[in-house]
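**Student:** Pasting a structure here, questions to come.
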Protein chains: 2
Amino acid sequence: MDHVKKGLEGVEVLTTRISYIDGDKGYLEYRGHDIGELADMDLETVSYLLLFGNLPSPEEFAAWSSRLRAERAIDDRVLDIINTCNLNIEAMDALRTAISFESHCDVDLKDSSREANIRKAIRLIAKFPTVIATFWRINNGMDVVEPDPGLSHGANFLYMLRGERPSDLEARIIETDFIISAEHELNASTFSARVTASTLSDLHSSVISGISTLIGPLHGGARMEVMQYLESIPSSEAAEEYIKDQIANKERIMGFGHRVYKTYDPRARIYKELARLIATEHPEERWFRIAETIESTVHREFVEKKGKPIYPNVDYWSAVVYEYLGLSPRLATSLFAIARVSGWIAHIFEQYADNRLIRPRATSIRQS
Amino acid sequence: MDHVKKGLEGVEVLTTRISYIDGDKGYLEYRGHDIGELADMDLETVSYLLLFGNLPSPEEFAAWSSRLRAERAIDDRVLDIINTCNLNIEAMDALRTAISFESHCDVDLKDSSREANIRKAIRLIAKFPTVIATFWRINNGMDVVEPDPGLSHGANFLYMLRGERPSDLEARIIETDFIISAEHELNASTFSARVTASTLSDLHSSVISGISTLIGPLHGGARMEVMQYLESIPSSEAAEEYIKDQIANKERIMGFGHRVYKTYDPRARIYKELARLIATEHPEERWFRIAETIESTVHREFVEKKGKPIYPNVDYWSAVVYEYLGLSPRLATSLFAIARVSGWIAHIFEQYADNRLIRPRATSIRQS
């Protein structure tokens with residue numbers, strides 16, 4: 001038998017054509033396209049790329065976009081479920097339950113053909129933002145806002161969430177957010193979605209496995225924790241001493257380091273530029289200055305004391321962007337889910353297309 | 001980087017103390033106890049063993065059993081959700097949704113301490129049978145039957161399902177069924193539950209990941225398929241020709257072979273004895289005779305033509321037992337879930353206790 005490193009670190013468990021990461025160079029591409037090139041597109045184009053392997057022609061894009069926009073509304077029974085949800089729960093709990101229930105309403109429930117799965121995929125990608133925004137409005141005692149098919153995927157989400165249309169800059173930023181968080185090879189939630197799909201379980205169940213896994217604080221939950229951490233720092237002036245104390249006390253620094261990247265995460269770099277951009281147009285510059293102060297202090301301290309730098313990860317700079325968009329930390333993980341569902345589905349389809357049941361072994365320590 | 005076999009076949013990805021399999025000898029133990037020894041106990045005792053690592057003392061058993069029996073009832077809001085379910089869905093869809101919603105009603109929702117997780121575990125193990133029986137009664141237009149705390153875990157399930165108490169023999173058989181299907185090392189659903197738990201996601205989410213994965217026809221769905229297959233064979237007299245034709249046509253024979261066992265699956269052996277036992281007391285002997293004819297024909301044909309035998313697996317003989325219990329093939333996967341939830345939770349607790357994020361890599365094929 002093969003024995004491997006704990007947490008499957010560095011173990012290549014399957015083959016993918018969906019994304020490519022060079023962790024040493026800080027490079028990421030989806031389907032042969034550099035993440036920097038994709039960041040300026042729109043989520044509809046990028047979800048097409050992820051699912052089908054190529055950028056859409058203008059005709060393909062028009063059809064895909066109109067299908068995604070037509071499927072944004074949620075069934076009244078799903079709305080009832082969200083309404084029944086305990087006010088004490090979080091958006092990801094509501095998403096997991098609502099998507100599980102949504103499958104019961106899907107007309108293609110019992111059809112697992114590729115065509116039916118594409119129809120289900122469109123509904124899932126389209127409805128994730130609606131479920132989250134609907135939950136959030138109800139949870140905060142506000143009227144539900146219907147989706148607007150005239151708006152892009154990102155702008156429509158902010159509109160449903162806030163009840164007013166976002167600025168052009170905000171719309172651009174949320175669109176880029178959804179694109180650069182859409183896919184990242186075999187992260188834990190994508191891997192669990194593929195394990196589920198490898199039993200030939202249905203698309204909804206496989207996506208629910210992804211949702212369930214993203215919830216964890218070592219994965220999607222990290223963005224919320226970085227936001228809460230940033231909010232706990234009173235000012236950029238206080239940030240340097242604050243972080244030095246933390247390092248001296250060997251406390252965990254939120255939002256630094258990554259299993260795969262040994263240099264600057266290319267997504268963190270893009271999020272940092274988005275944060276810089278929105279900070280200049282925003283009355284509150286604090287978040288960017290706090291985050292930059294922490295980054296440079298951590299960098300300096302680690303180089304000086306340990307001889308090697310440590311880099312902020314994607315959760316770190318995305319959290320800063322979310323602060324500028326006025327989003328609650330309680331929404332951070334669900335924003336990640338709205339983005340990542342396209343990547344999950346691309347991987348589930350890839351698993352179905354060349355499947356082998358994922359059934360490893362354990363090293364058993366027998367009791368006497 | 002390490003490269004491993006597809007489907008992680010034969011790769012030991014983590015360490016466990018929960019079960020031990022010798023696939024060559026056809027041997028299985030939970031926590032140091034041979035499965036044959038455990039089969040005559042009751043599910044409450046075995047779930048305690050799985051979760052805590054040792055058999056309970058009489059006092060521990062009394063406390064554990066009374067807590068499990070006290071938690072069988074489901075919240076009215078969960079009942080409402082099951083009532084709202086589309087009649088077209090299957091028991092596992094309802095279970096996935098109901099357990100996701102049930103977490104919203106759990107008073108320990110936001111507490112992830114070990115003590116709170118044990119309370120949640122008791123509720124999950126106790127409520128799985130109630131959710132399934134309640135769904136089944138509603139789905140078939142019958143009144144819901146309240147749980148009876150005077151009955152064992154298995155007998156109570158059959159009572160809630162049918163509305164009348166099972167015979168002693170039926171009660172013994174369903175109890176053994178739940179015990180011998182409770183745990184099996186890193187099967188796909190347990191592995192996905194551990195991937196989810198490795199992000200430090202909550203207990204309910206990790207269990208839902210297990211449910212979602214068990215649904216697949218290459219895993220929990222297989223028992224349903226074996227039942228449907230058995231039901232398609234008109235008589236034991238016809239079985240031999242039927243199966244020979246299938247082998248000649250290179251069709252897939254349902255319920256034979258296993259990734260780990262290279263000899264007779266010890267669980268299949270126990271299920272076969274249960275089937276033999278109930279067949280002698282049952283007016284309908286057909287199922288046992290059909291199944292035995294298929295088994296001996298397949299064995300003979302494989303030894304003669306391929307030089308090596310192929311053995312029936314756990315899904316094969318459990319399906320025969322379910323036929324004798326008068327259970328619908330539509331319930332087969334959910335019976336498996338009722339049993340396996342104890343194993344999932346034991347593994348999730350083991351993951352929490354010594355965690356490392358499970359985040360493998362993929363071999364990326366780059367597009368030009």
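Just so we're on the same page: first chain in the structure tokens is A, next is B, and so on; residues restart at 1 for each chain, and ligands are numbered from 1 in the order they show up.
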Near range 50-64 of chain A, counting only C-alpha atoms, which residues have an atom at most 12 Å away, once you skip same-chain residues fewer than 5 positions from it, shown as a CSV table (one decimal) with all heavy atoms, in the first residue's frame?
**Tutor:**
chain,number,residue,atom,x,y,z
A,16,THR,N,-6.9,16.8,-13.9
A,16,THR,CA,-7.9,17.8,-14.2
A,16,THR,C,-7.4,18.7,-15.4
A,16,THR,O,-6.2,18.9,-15.6
A,16,THR,CB,-8.2,18.8,-13.1
A,16,THR,OG1,-9.3,19.6,-13.4
A,16,THR,CG2,-7.0,19.7,-12.7
A,17,ARG,N,-8.3,19.2,-16.2
A,17,ARG,CA,-8.1,20.1,-17.3
A,17,ARG,C,-8.6,21.5,-16.9
A,17,ARG,O,-8.6,22.4,-17.7
A,17,ARG,CB,-8.7,19.7,-18.6
A,17,ARG,CG,-8.1,18.4,-19.1
A,17,ARG,CD,-8.8,17.9,-20.3
A,17,ARG,NE,-8.2,16.6,-20.8
A,17,ARG,CZ,-7.2,16.6,-21.7
A,17,ARG,NH1,-6.7,17.7,-22.2
A,17,ARG,NH2,-6.6,15.4,-22.1
A,18,ILE,N,-9.2,21.6,-15.7
A,18,ILE,CA,-10.0,22.8,-15.4
A,18,ILE,C,-9.1,24.0,-15.0
A,18,ILE,O,-9.3,25.1,-15.4
A,18,ILE,CB,-11.1,22.5,-14.4
A,18,ILE,CG1,-12.0,21.4,-15.0
A,18,ILE,CG2,-11.9,23.7,-14.0
A,18,ILE,CD1,-12.9,20.8,-14.0
A,19,SER,N,-8.1,23.7,-14.1
A,19,SER,CA,-7.2,24.8,-13.7
A,19,SER,C,-5.8,24.3,-13.5
A,19,SER,O,-5.6,23.1,-13.4
A,19,SER,CB,-7.7,25.5,-12.5
A,19,SER,OG,-7.9,24.6,-11.4
A,29,GLU,N,-4.2,29.6,-13.7
A,29,GLU,CA,-5.0,29.7,-14.9
A,29,GLU,C,-6.2,28.8,-14.9
A,29,GLU,O,-6.2,27.7,-14.3
A,29,GLU,CB,-4.2,29.5,-16.2
A,29,GLU,CG,-3.6,28.2,-16.4
A,29,GLU,CD,-2.7,28.1,-17.6
A,29,GLU,OE1,-2.0,29.0,-18.0
A,29,GLU,OE2,-2.6,27.0,-18.2
A,30,TYR,N,-7.3,29.3,-15.5
A,30,TYR,CA,-8.5,28.4,-15.7
A,30,TYR,C,-8.5,28.1,-17.2
A,30,TYR,O,-8.5,29.0,-18.1
A,30,TYR,CB,-9.8,29.2,-15.5
A,30,TYR,CG,-10.1,29.8,-14.1
A,30,TYR,CD1,-11.2,30.7,-14.0
A,30,TYR,CD2,-9.3,29.5,-13.0
A,30,TYR,CE1,-11.5,31.2,-12.8
A,30,TYR,CE2,-9.6,30.1,-11.8
A,30,TYR,CZ,-10.7,30.9,-11.7
A,30,TYR,OH,-11.0,31.5,-10.5
A,31,ARG,N,-8.5,26.8,-17.5
A,31,ARG,CA,-8.7,26.3,-18.9
A,31,ARG,C,-7.7,27.0,-19.9
A,31,ARG,O,-8.1,27.5,-20.9
A,31,ARG,CB,-10.1,26.6,-19.4
A,31,ARG,CG,-11.2,25.9,-18.6
A,31,ARG,CD,-11.3,24.4,-18.9
A,31,ARG,NE,-12.6,23.8,-18.4
A,31,ARG,CZ,-12.8,22.5,-18.5
A,31,ARG,NH1,-12.0,21.7,-19.1
A,31,ARG,NH2,-13.9,22.0,-18.0
A,32,GLY,N,-6.5,27.2,-19.4
A,32,GLY,CA,-5.5,27.8,-20.3
A,32,GLY,C,-5.4,29.3,-20.3
A,32,GLY,O,-4.6,29.9,-21.0
A,33,HIS,N,-6.3,29.9,-19.5
A,33,HIS,CA,-6.3,31.4,-19.5
A,33,HIS,C,-5.9,31.9,-18.1
A,33,HIS,O,-6.4,31.5,-17.1
A,33,HIS,CB,-7.8,31.9,-19.7
A,33,HIS,CG,-8.3,31.6,-21.1
A,33,HIS,ND1,-8.2,32.4,-22.2
A,33,HIS,CD2,-9.0,30.4,-21.5
A,33,HIS,CE1,-8.7,31.8,-23.2
A,33,HIS,NE2,-9.2,30.6,-22.8
A,38,LEU,N,-8.7,36.8,-17.2
A,38,LEU,CA,-10.1,36.6,-16.9
A,38,LEU,C,-10.8,37.6,-16.0
A,38,LEU,O,-12.0,37.8,-16.1
A,38,LEU,CB,-10.3,35.2,-16.3
A,38,LEU,CG,-9.7,34.0,-17.2
A,38,LEU,CD1,-9.8,32.7,-16.4
A,38,LEU,CD2,-10.6,33.9,-18.5
A,41,MET,N,-13.3,40.0,-17.3
A,41,MET,CA,-14.5,39.5,-18.0
A,41,MET,C,-15.7,39.6,-17.1
A,41,MET,O,-15.7,40.3,-16.1
A,41,MET,CB,-14.2,38.1,-18.5
A,41,MET,CG,-13.0,38.1,-19.5
A,41,MET,SD,-12.9,36.4,-20.2
A,41,MET,CE,-11.4,36.7,-21.3
A,42,ASP,N,-16.7,38.8,-17.4
A,42,ASP,CA,-17.9,38.7,-16.5
A,42,ASP,C,-18.1,37.2,-16.1
A,42,ASP,O,-17.6,36.3,-16.8
A,42,ASP,CB,-19.1,39.3,-17.2
A,42,ASP,CG,-19.4,38.6,-18.5
A,42,ASP,OD1,-19.9,37.5,-18.5
A,42,ASP,OD2,-19.0,39.1,-19.6
A,43,LEU,N,-18.8,37.0,-15.0
A,43,LEU,CA,-18.9,35.7,-14.5
A,43,LEU,C,-19.6,34.8,-15.4
A,43,LEU,O,-19.3,33.6,-15.5
A,43,LEU,CB,-19.7,35.8,-13.1
A,43,LEU,CG,-19.8,34.6,-12.2
A,43,LEU,CD1,-21.0,33.7,-12.7
A,43,LEU,CD2,-18.5,33.7,-12.1
A,44,GLU,N,-20.6,35.3,-16.2
A,44,GLU,CA,-21.3,34.4,-17.2
A,44,GLU,C,-20.3,33.8,-18.2
A,44,GLU,O,-20.3,32.6,-18.5
A,44,GLU,CB,-22.4,35.2,-17.9
A,44,GLU,CG,-23.5,35.5,-16.9
A,44,GLU,CD,-24.5,36.6,-17.5
A,44,GLU,OE1,-24.2,37.2,-18.5
A,44,GLU,OE2,-25.6,36.8,-16.9
A,45,THR,N,-19.4,34.6,-18.7
A,45,THR,CA,-18.4,34.1,-19.6
A,45,THR,C,-17.5,33.1,-19.0
A,45,THR,O,-17.2,32.0,-19.5
A,45,THR,CB,-17.5,35.3,-20.1
A,45,THR,OG1,-18.4,36.2,-20.8
A,45,THR,CG2,-16.4,34.9,-21.1
A,69,ARG,N,-29.8,34.3,-16.7
A,69,ARG,CA,-30.6,35.3,-16.2
A,69,ARG,C,-32.1,35.0,-16.0
A,69,ARG,O,-32.8,35.5,-15.1
A,69,ARG,CB,-30.5,36.6,-17.0
A,69,ARG,CG,-29.1,37.2,-16.9
A,69,ARG,CD,-28.8,38.3,-17.9
A,69,ARG,NE,-27.4,38.7,-17.8
A,69,ARG,CZ,-26.9,39.9,-17.9
A,69,ARG,NH1,-27.8,40.9,-18.0
A,69,ARG,NH2,-25.6,40.1,-17.9
A,70,ALA,N,-32.6,34.1,-16.8
A,70,ALA,CA,-34.0,33.6,-16.8
A,70,ALA,C,-34.2,32.7,-15.5
A,70,ALA,O,-35.4,32.5,-15.1
A,70,ALA,CB,-34.4,32.9,-18.0
A,71,GLU,N,-33.1,32.1,-15.0
A,71,GLU,CA,-33.3,31.1,-13.9
A,71,GLU,C,-33.0,31.7,-12.6
A,71,GLU,O,-32.9,30.9,-11.6
A,71,GLU,CB,-32.4,29.9,-14.2
A,71,GLU,CG,-32.8,29.1,-15.4
A,71,GLU,CD,-34.1,28.2,-15.1
A,71,GLU,OE1,-34.6,28.2,-14.0
A,71,GLU,OE2,-34.4,27.4,-16.0
A,114,ARG,N,-26.3,14.3,-19.4
A,114,ARG,CA,-25.5,15.5,-19.5
A,114,ARG,C,-26.4,16.7,-19.8
A,114,ARG,O,-26.2,17.7,-19.2
A,114,ARG,CB,-24.4,15.3,-20.5
A,114,ARG,CG,-23.6,16.6,-20.8
A,114,ARG,CD,-22.2,16.4,-21.2
A,114,ARG,NE,-21.6,17.6,-21.6
A,114,ARG,CZ,-20.9,18.4,-20.8
A,114,ARG,NH1,-20.7,18.1,-19.5
A,114,ARG,NH2,-20.4,19.6,-21.2
A,117,ASN,N,-28.1,17.7,-16.7
A,117,ASN,CA,-27.2,18.2,-15.7
A,117,ASN,C,-26.8,19.6,-16.1
A,117,ASN,O,-26.5,20.5,-15.2
A,117,ASN,CB,-25.9,17.3,-15.6
A,117,ASN,CG,-26.2,16.2,-14.6
A,117,ASN,OD1,-27.0,16.2,-13.7
A,117,ASN,ND2,-25.4,15.1,-14.8
A,118,ILE,N,-26.7,19.9,-17.3
A,118,ILE,CA,-26.4,21.3,-17.7
A,118,ILE,C,-27.6,22.2,-17.4
A,118,ILE,O,-27.4,23.3,-16.9
A,118,ILE,CB,-26.1,21.4,-19.3
A,118,ILE,CG1,-24.7,20.7,-19.5
A,118,ILE,CG2,-26.0,22.9,-19.7
A,118,ILE,CD1,-24.4,20.5,-21.0
A,119,ARG,N,-28.8,21.8,-17.6
A,119,ARG,CA,-29.9,22.6,-17.1
A,119,ARG,C,-29.9,22.8,-15.6
A,119,ARG,O,-30.2,23.9,-15.1
A,119,ARG,CB,-31.3,21.9,-17.5
A,119,ARG,CG,-31.5,21.9,-19.1
A,119,ARG,CD,-32.9,21.5,-19.4
A,119,ARG,NE,-33.3,20.2,-19.1
A,119,ARG,CZ,-33.1,19.1,-19.8
A,119,ARG,NH1,-32.5,19.2,-21.0
A,119,ARG,NH2,-33.5,17.9,-19.4
A,121,ALA,N,-27.3,22.8,-13.7
A,121,ALA,CA,-26.1,23.6,-13.4
A,121,ALA,C,-26.5,25.1,-13.6
A,121,ALA,O,-26.1,26.0,-12.8
A,121,ALA,CB,-24.9,23.3,-14.4
A,122,ILE,N,-27.2,25.4,-14.7
A,122,ILE,CA,-27.6,26.8,-14.9
A,122,ILE,C,-28.5,27.3,-13.8
A,122,ILE,O,-28.3,28.4,-13.3
A,122,ILE,CB,-28.4,26.9,-16.3
A,122,ILE,CG1,-27.4,26.7,-17.4
A,122,ILE,CG2,-29.2,28.2,-16.4
A,122,ILE,CD1,-28.1,26.5,-18.8
A,123,ARG,N,-29.4,26.4,-13.3
A,123,ARG,CA,-30.3,26.8,-12.2
A,123,ARG,C,-29.5,27.0,-11.0
A,123,ARG,O,-29.7,28.0,-10.2
A,123,ARG,CB,-31.4,25.7,-12.0
A,123,ARG,CG,-32.3,25.6,-13.2
A,123,ARG,CD,-33.5,24.6,-12.9
A,123,ARG,NE,-34.1,24.3,-14.2
A,123,ARG,CZ,-34.1,23.1,-14.8
A,123,ARG,NH1,-33.6,22.1,-14.1
A,123,ARG,NH2,-34.6,23.0,-16.0
A,125,ILE,N,-26.2,27.8,-10.6
A,125,ILE,CA,-25.4,29.0,-10.7
A,125,ILE,C,-26.3,30.3,-10.6
A,125,ILE,O,-25.9,31.2,-9.9
A,125,ILE,CB,-24.5,29.0,-12.0
A,125,ILE,CG1,-23.5,27.9,-12.0
A,125,ILE,CG2,-23.8,30.4,-12.2
A,125,ILE,CD1,-22.9,27.6,-13.3
A,126,ALA,N,-27.4,30.2,-11.2
A,126,ALA,CA,-28.3,31.4,-11.3
A,126,ALA,C,-28.9,31.7,-9.9
A,126,ALA,O,-29.2,32.8,-9.5
A,126,ALA,CB,-29.4,31.2,-12.3
A,179,ILE,N,-15.3,36.0,-10.2
A,179,ILE,CA,-14.5,35.3,-11.2
A,179,ILE,C,-13.2,34.7,-10.6
A,179,ILE,O,-12.9,33.5,-10.8
A,179,ILE,CB,-14.1,36.3,-12.4
A,179,ILE,CG1,-15.3,36.6,-13.2
A,179,ILE,CG2,-13.0,35.7,-13.2
A,179,ILE,CD1,-15.1,37.8,-14.1
A,180,ILE,N,-12.5,35.5,-9.8
A,180,ILE,CA,-11.3,35.0,-9.3
A,180,ILE,C,-11.4,34.1,-8.1
A,180,ILE,O,-10.5,33.4,-7.7
A,180,ILE,CB,-10.2,36.2,-9.0
A,180,ILE,CG1,-10.7,37.0,-7.8
A,180,ILE,CG2,-10.0,37.0,-10.3
A,180,ILE,CD1,-9.7,38.1,-7.5
A,182,ALA,N,-13.8,31.7,-8.4
A,182,ALA,CA,-14.7,30.6,-8.9
A,182,ALA,C,-14.0,29.3,-8.9
A,182,ALA,O,-14.7,28.3,-8.9
A,182,ALA,CB,-15.1,31.0,-10.4
A,183,GLU,N,-12.7,29.2,-9.0
A,183,GLU,CA,-12.1,27.9,-9.2
A,183,GLU,C,-10.7,27.9,-8.6
A,183,GLU,O,-10.0,28.9,-8.8
A,183,GLU,CB,-12.1,27.6,-10.7
A,183,GLU,CG,-11.1,26.6,-11.2
A,183,GLU,CD,-11.3,25.2,-10.7
A,183,GLU,OE1,-12.4,24.9,-10.1
A,183,GLU,OE2,-10.4,24.4,-10.8
A,184,HIS,N,-10.3,26.8,-8.0
A,184,HIS,CA,-9.0,26.7,-7.5
A,184,HIS,C,-8.6,25.2,-7.3
A,184,HIS,O,-8.2,24.8,-6.2
A,184,HIS,CB,-8.8,27.5,-6.2
A,184,HIS,CG,-7.3,27.9,-6.0
A,184,HIS,ND1,-6.6,27.4,-4.9
A,184,HIS,CD2,-6.5,28.7,-6.7
A,184,HIS,CE1,-5.4,28.0,-5.0
A,184,HIS,NE2,-5.3,28.7,-6.1
A,185,GLU,N,-8.7,24.4,-8.4
A,185,GLU,CA,-8.2,23.1,-8.4
A,185,GLU,C,-8.8,22.3,-7.3
A,185,GLU,O,-10.0,22.4,-7.0
A,185,GLU,CB,-6.6,23.1,-8.4
A,185,GLU,CG,-5.9,21.9,-8.9
A,185,GLU,CD,-4.7,21.6,-7.9
A,185,GLU,OE1,-4.9,21.7,-6.7
A,185,GLU,OE2,-3.7,21.2,-8.5
A,339,ALA,N,-19.4,32.3,-5.9
A,339,ALA,CA,-18.3,32.3,-6.9
A,339,ALA,C,-18.0,30.8,-7.2
A,339,ALA,O,-17.9,30.4,-8.3
A,339,ALA,CB,-17.1,33.0,-6.3
A,340,ARG,N,-17.8,30.0,-6.1
A,340,ARG,CA,-17.2,28.7,-6.3
A,340,ARG,C,-18.1,27.7,-6.9
A,340,ARG,O,-17.6,26.6,-7.4
A,340,ARG,CB,-16.6,28.2,-4.9
A,340,ARG,CG,-15.8,27.0,-4.9
A,340,ARG,CD,-14.6,26.9,-5.8
A,340,ARG,NE,-13.6,28.0,-5.7
A,340,ARG,CZ,-12.6,28.1,-4.9
A,340,ARG,NH1,-12.3,27.0,-4.1
A,340,ARG,NH2,-11.8,29.1,-4.9
A,341,VAL,N,-19.4,27.9,-6.9
A,341,VAL,CA,-20.3,26.9,-7.5
A,341,VAL,C,-20.0,26.5,-8.9
A,341,VAL,O,-20.1,25.4,-9.3
A,341,VAL,CB,-21.8,27.2,-7.2
A,341,VAL,CG1,-22.2,28.5,-8.0
A,341,VAL,CG2,-22.7,26.0,-7.6
A,342,SER,N,-19.5,27.5,-9.7
A,342,SER,CA,-19.2,27.2,-11.1
A,342,SER,C,-18.0,26.2,-11.1
A,342,SER,O,-18.0,25.3,-12.0
A,342,SER,CB,-18.8,28.5,-11.8
A,342,SER,OG,-19.9,29.3,-11.9
A,343,GLY,N,-17.0,26.5,-10.3
A,343,GLY,CA,-15.9,25.5,-10.2
A,343,GLY,C,-16.2,24.2,-9.8
A,343,GLY,O,-15.8,23.1,-10.3
A,344,TRP,N,-17.1,24.1,-8.7
A,344,TRP,CA,-17.5,22.8,-8.3
A,344,TRP,C,-18.2,22.0,-9.4
A,344,TRP,O,-17.9,20.8,-9.6
A,344,TRP,CB,-18.6,22.9,-7.1
A,344,TRP,CG,-18.0,23.4,-5.8
A,344,TRP,CD1,-16.8,23.3,-5.3
A,344,TRP,CD2,-18.8,24.1,-4.8
A,344,TRP,NE1,-16.7,23.8,-4.1
A,344,TRP,CE2,-17.9,24.4,-3.7
A,344,TRP,CE3,-20.1,24.6,-4.7
A,344,TRP,CZ2,-18.3,25.0,-2.6
A,344,TRP,CZ3,-20.5,25.2,-3.5
A,344,TRP,CH2,-19.6,25.5,-2.5
A,345,ILE,N,-19.1,22.7,-10.1
A,345,ILE,CA,-19.9,22.0,-11.1
A,345,ILE,C,-18.9,21.5,-12.3
A,345,ILE,O,-19.1,20.4,-12.8
A,345,ILE,CB,-21.0,22.8,-11.6
A,345,ILE,CG1,-22.1,23.0,-10.5
A,345,ILE,CG2,-21.7,22.2,-12.9
A,345,ILE,CD1,-23.2,24.0,-10.8
A,346,ALA,N,-18.0,22.4,-12.6
A,346,ALA,CA,-17.0,22.0,-13.7
A,346,ALA,C,-16.3,20.7,-13.2
A,346,ALA,O,-16.1,19.7,-14.0
A,346,ALA,CB,-16.0,23.1,-13.9
A,347,HIS,N,-15.9,20.6,-12.0
A,347,HIS,CA,-15.2,19.4,-11.5
A,347,HIS,C,-16.1,18.2,-11.4
A,347,HIS,O,-15.7,17.1,-11.6
A,347,HIS,CB,-14.5,19.7,-10.1
A,347,HIS,CG,-13.2,20.4,-10.2
A,347,HIS,ND1,-12.0,19.8,-10.4
A,347,HIS,CD2,-12.9,21.7,-10.2
A,347,HIS,CE1,-11.0,20.6,-10.5
A,347,HIS,NE2,-11.5,21.8,-10.4
A,348,ILE,N,-17.3,18.4,-11.0
A,348,ILE,CA,-18.3,17.3,-10.9
A,348,ILE,C,-18.5,16.7,-12.3
A,348,ILE,O,-18.5,15.5,-12.5
A,348,ILE,CB,-19.6,17.8,-10.3
A,348,ILE,CG1,-19.4,18.2,-8.8
A,348,ILE,CG2,-20.7,16.7,-10.4
A,348,ILE,CD1,-20.5,19.1,-8.2
A,349,PHE,N,-18.7,17.6,-13.3
A,349,PHE,CA,-18.8,17.1,-14.7
A,349,PHE,C,-17.6,16.4,-15.1
A,349,PHE,O,-17.7,15.3,-15.8
A,349,PHE,CB,-19.1,18.3,-15.6
A,349,PHE,CG,-20.5,18.8,-15.5
A,349,PHE,CD1,-21.4,18.3,-14.7
A,349,PHE,CD2,-20.9,19.9,-16.4
A,349,PHE,CE1,-22.7,18.8,-14.6
A,349,PHE,CE2,-22.2,20.4,-16.3
A,349,PHE,CZ,-23.1,19.8,-15.4
A,350,GLU,N,-16.4,16.9,-14.8
A,350,GLU,CA,-15.2,16.2,-15.2
A,350,GLU,C,-15.1,14.8,-14.5
A,350,GLU,O,-14.6,13.8,-15.1
A,350,GLU,CB,-14.0,17.1,-14.8
A,350,GLU,CG,-12.6,16.6,-15.4
A,350,GLU,CD,-11.5,17.5,-15.1
A,350,GLU,OE1,-11.1,17.7,-13.9
A,350,GLU,OE2,-11.0,18.1,-16.0
B,366,ARG,N,-2.6,21.1,-19.0
B,366,ARG,CA,-2.8,22.5,-19.5
B,366,ARG,C,-3.3,22.6,-20.9
B,366,ARG,O,-2.8,21.8,-21.7
B,366,ARG,CB,-1.6,23.4,-19.3
B,366,ARG,CG,-1.1,23.5,-17.9
B,366,ARG,CD,0.2,24.2,-17.8
B,366,ARG,NE,0.1,25.7,-18.1
B,366,ARG,CZ,1.1,26.5,-18.1
B,366,ARG,NH1,2.3,26.1,-17.9
B,366,ARG,NH2,0.9,27.8,-18.3
B,367,GLN,N,-4.2,23.5,-21.1
B,367,GLN,CA,-4.7,23.7,-22.5
B,367,GLN,C,-3.8,24.7,-23.2
B,367,GLN,O,-3.3,25.6,-22.5
B,367,GLN,CB,-6.1,24.2,-22.5
B,367,GLN,CG,-7.1,23.1,-22.1
B,367,GLN,CD,-8.6,23.6,-22.1
B,367,GLN,OE1,-8.9,24.7,-22.6
B,367,GLN,NE2,-9.4,22.9,-21.4
B,368,SER,N,-3.6,24.5,-24.4
B,368,SER,CA,-2.8,25.5,-25.2
B,368,SER,C,-3.7,26.6,-25.7
B,368,SER,O,-4.9,26.5,-25.7
B,368,SER,CB,-2.0,24.8,-26.3
B,368,SER,OG,-3.0,24.1,-27.1
**Student:** For Tyr352 in chain A, list every protein, DNA or RNA residue within 12 Å, evaluated using only C-alpha atoms, and leave out those in the same chain fewer than 2 positions away; present the list as an MDAnalysis selection string.
**Tutor:** (chainID A and resid 112:114 117 193:203 206 345:350 354:358) or (chainID B and resid 216)
**Student:** Tell me, as a VMD selection string, which residues lie within 9 Å of Leu28 in chain A, counting only C-alpha atoms; anything in the same chain fewer than 4 positions away does not count.
**Tutor:** chain A and resid 19 to 23 33 to 36 184 265 to 267
**Student:** What's the separation between CA of Glu231 in chain A and CA of Pro283 in chain A, in Å to one decimal place?
**Tutor:**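 Taking CA of Glu231 in chain A and CA of Pro283 in chain A, their separation equals 16.6 Å.
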**Student:** Taking 5 positions as the minimum chain separation for residues in the same chain, which residues sit within 12 Å of Met92 in chain A when counting only C-alpha atoms? Answer as a ChimeraX atom specification.
**Tutor:** /A:82,85,97-99,128-129,131-133,135-136,208,210-216,220-221,224,330-338 /B:100-101,103-104,201-202,205
**Student:** For the helix (DSSP H, G or I) assignment from backbone DSSP, which residues of range 77-172 of chain B qualify? Please present them as a count of residues only.
**Tutor:** 64
**Student:** Please measure the separation of CA of Asn83 in chain B and CA of Leu151 in chain B, giving the value in Å to one decimal.
**Tutor:**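 A separation of 25.5 Å between them.
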**Student:** Expressed in Å to a single decimal, how great is the separation between CA of Arg252 in chain B and CA of Ser181 in chain B?
**Tutor:**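 About the pair CA of Arg252 in chain B and CA of Ser181 in chain B: they are 23.8 Å apart.
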**Student:** Could you pull the residues within 6 Å of range 289-303 of chain A, counting only C-alpha atoms, minus those fewer than 6 positions along the same chain, as a list in words?
**Tutor:**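 Answer for this query is Ser236, Pro309 and Ile310 of chain A.
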**Student:** Would you pick out the contacts of range 8-12 of chain A at 10 Å or less, using only C-alpha atoms, so that residues sharing its chain but fewer than 6 positions from it are not included, and give the list as a list in words?
**Tutor:** Leu186, Arg259 and Val260 of chain A; Met1, Asp2, His3, Val4, Lys5, Lys6, Leu8, Glu12, Val13, Leu14, Arg356, Leu357, Ile358, Arg359, Pro360, Arg361, Ala362, Thr363 and Ser364 of chain B
